[in-house]
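In what follows, a structure is listed as structure tokens, so that the remarks can point back to it.
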Amino acid sequence: MKQAEFLNIILPFKDKLYRLAKRLLVSNEEAEDATQEVLLKLWSKKTKIEAYNNVEAFAMTMTKNYCLDKLKSKQASNLKLVHSNYKDEHTSLQKEVELKDSVSIVHQILEQLPAQQKIIIQLRDVEQYDFEEIAKVVNMNPTAIRVALSRARKYVREELIKKHNYGVS
Amino acid sequence: MELANIEKLLDKYFEATTTVQEEQELQLYFSQPNVAPHLQEYQPMFQHFANLQGEQYTKNVPLQPRKNYLKWISVAAVFVFMSAIGITYHQDAQDRAAAELAYLQFKESMTLVSQSFNTGASRINHLTEFSDTTTNKIFITENN
């Protein structure tokens with residue numbers, strides 16, 4: 001396989017890989033590294049790439065597994081420590097302004113979701129996969145995915161309402 | 001899109017029974033400015049998803065991935081290893097040859113020494129004659 005052909009295959013979904021990695025990992029840099037790693041792995045397996053009937057789902061699964069491994073590994077926990085330092089609730093002016101921004105609140109709520117729900121909500125609400133496609137990536141049956149998705153969405157809604165009503169009720 | 005429909009879709013959305021198309025309709029509705037007041041609290045959620053869709057992987061795709069250096073490193077390592085063994089073996093053989101030569105030289109010189117020693121020793125044999133002739137010449141005298 002030539003480089004150009006390979007690029008044509010991966011170009012449509014490389015952003016999706018990156019966004020999934022970004023949802024699961026802590027920083028942009030980490031997500032970029034993860035994406036690059038996955039693309040390199042795909043490139044090294046380029047001879048077999050035609051054998052996969054759905055390269056995108058395969059790549060998404062690879063990204064998911066890679067990120068979950070990263071999260072489990074010691075490296076990630078170190079990074080997490082750094083990150084939680086950074087997230088320390090020193091209420092600077094900028095932070096307060098940011099907190100007023102409801103969109104960033106949604107982002108924080110999404111961060112609180114367990115990894116599985118994060119993946120599902122990312123695949124469904126951002127990438128707009130249907131349940132069969134999600135099933136291929138997360139290896140769950142569609143009913144379980146539907147339940148998890150509903151739970152995740154309701155959690156976001158409840159937290160959002162909680163934040164909205166904070167200090168009011 | 002009338003409001004009742006949107007509300008129905010929202011309920012279905014939170015039960016996760018909406019289709020992808022219906023969810024797109026919802027996103028479209030929440031992306032426009034005039035959202036019904038009681039639904040506005042859902043707006044940031046959809047807005048955020050819309051924002052996330054815009055994220056792109058900006059880094060270049062690494063075209064030529066790392067080559068299989070490991071293979072060549074192992075070949076080089078084997079070569080170094082073998083040549084190290086060869087050199088030590090060769091040195092060993094050289095050392096042995098040198099030691100053998102030294103041993104022969106030493107043996108030669110030692111035989112030379114022992115030969116000259118033996119000729120010297122044969123001269124000493126005459127002394128026994130002297131001792132033989134003198135021992136019998138001593139007489140013991142009783143002195144009482």
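Going through the structure tokens in order, the chains are called A, B, and so on, while each chain numbers its residues from 1 and the ligands are numbered from 1 in the order shown.
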- Task: Show me which bits of chain B are within 7 Å of chain A, counting only C-alpha atoms, as JSON, numbers by chain.
- Result: {"B": [14, 15, 16, 20, 44, 45, 47, 48, 49, 50, 52, 53, 55, 56, 57, 61, 63, 65]}
Restricted to C-alpha atoms, what would the selected residues look like written as an mmCIF file, in the first residue's frame?
data_model
loop_
_atom_site.group_PDB
_atom_site.id
_atom_site.type_symbol
_atom_site.label_atom_id
_atom_site.label_comp_id
_atom_site.auth_asym_id
_atom_site.auth_seq_id
_atom_site.Cartn_x
_atom_site.Cartn_y
_atom_site.Cartn_z
ATOM 1 C CA PHE B 14 -32.768 11.303 27.562
ATOM 2 C CA GLU B 15 -34.117 7.769 27.287
ATOM 3 C CA ALA B 16 -31.626 7.317 24.441
ATOM 4 C CA VAL B 20 -29.293 9.859 14.860
ATOM 5 C CA PRO B 44 -25.113 24.456 26.681
ATOM 6 C CA MET B 45 -25.141 20.678 26.473
ATOM 7 C CA GLN B 47 -23.659 23.593 22.162
ATOM 8 C CA HIS B 48 -20.824 21.779 23.820
ATOM 9 C CA PHE B 49 -21.325 18.701 21.654
ATOM 10 C CA ALA B 50 -21.356 20.931 18.604
ATOM 11 C CA LEU B 52 -16.515 19.176 20.300
ATOM 12 C CA GLN B 53 -17.322 18.215 16.745
ATOM 13 C CA GLU B 55 -11.962 19.701 17.198
ATOM 14 C CA GLN B 56 -9.371 18.582 14.734
ATOM 15 C CA TYR B 57 -6.168 16.666 14.805
ATOM 16 C CA VAL B 61 0.314 12.286 10.107
ATOM 17 C CA LEU B 63 4.185 9.066 7.093
ATOM 18 C CA PRO B 65 7.034 5.503 10.883
#
- Taking into account only C-alpha atoms, which residue in the set A:Lys72, A:Glu111, A:Tyr66, A:Lys46 is nearest to A:Val26? A:Glu111
- Message: Residues of chain B classed as helix (DSSP H, G or I) by DSSP on the backbone are to be reported as a ChimeraX atom specification.
- Response: /B:3-14,20-31,37-53,69-135
- Near stretch 3-6 of chain B, counting only C-alpha atoms, which residues have an atom at most 12 Å away, once you skip same-chain residues fewer than 5 positions from it, shown as number ranges by chain? B: 11-13, 18, 22-30, 34-39, 42
- Between atom CA of A:Asn8 and atom CA of A:Phe58, what is the spacing in Å? 15.9 Å
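The spacing separating atom CA of B:Phe46 from atom CA of A:Tyr166 amounts to 20.9 Å.
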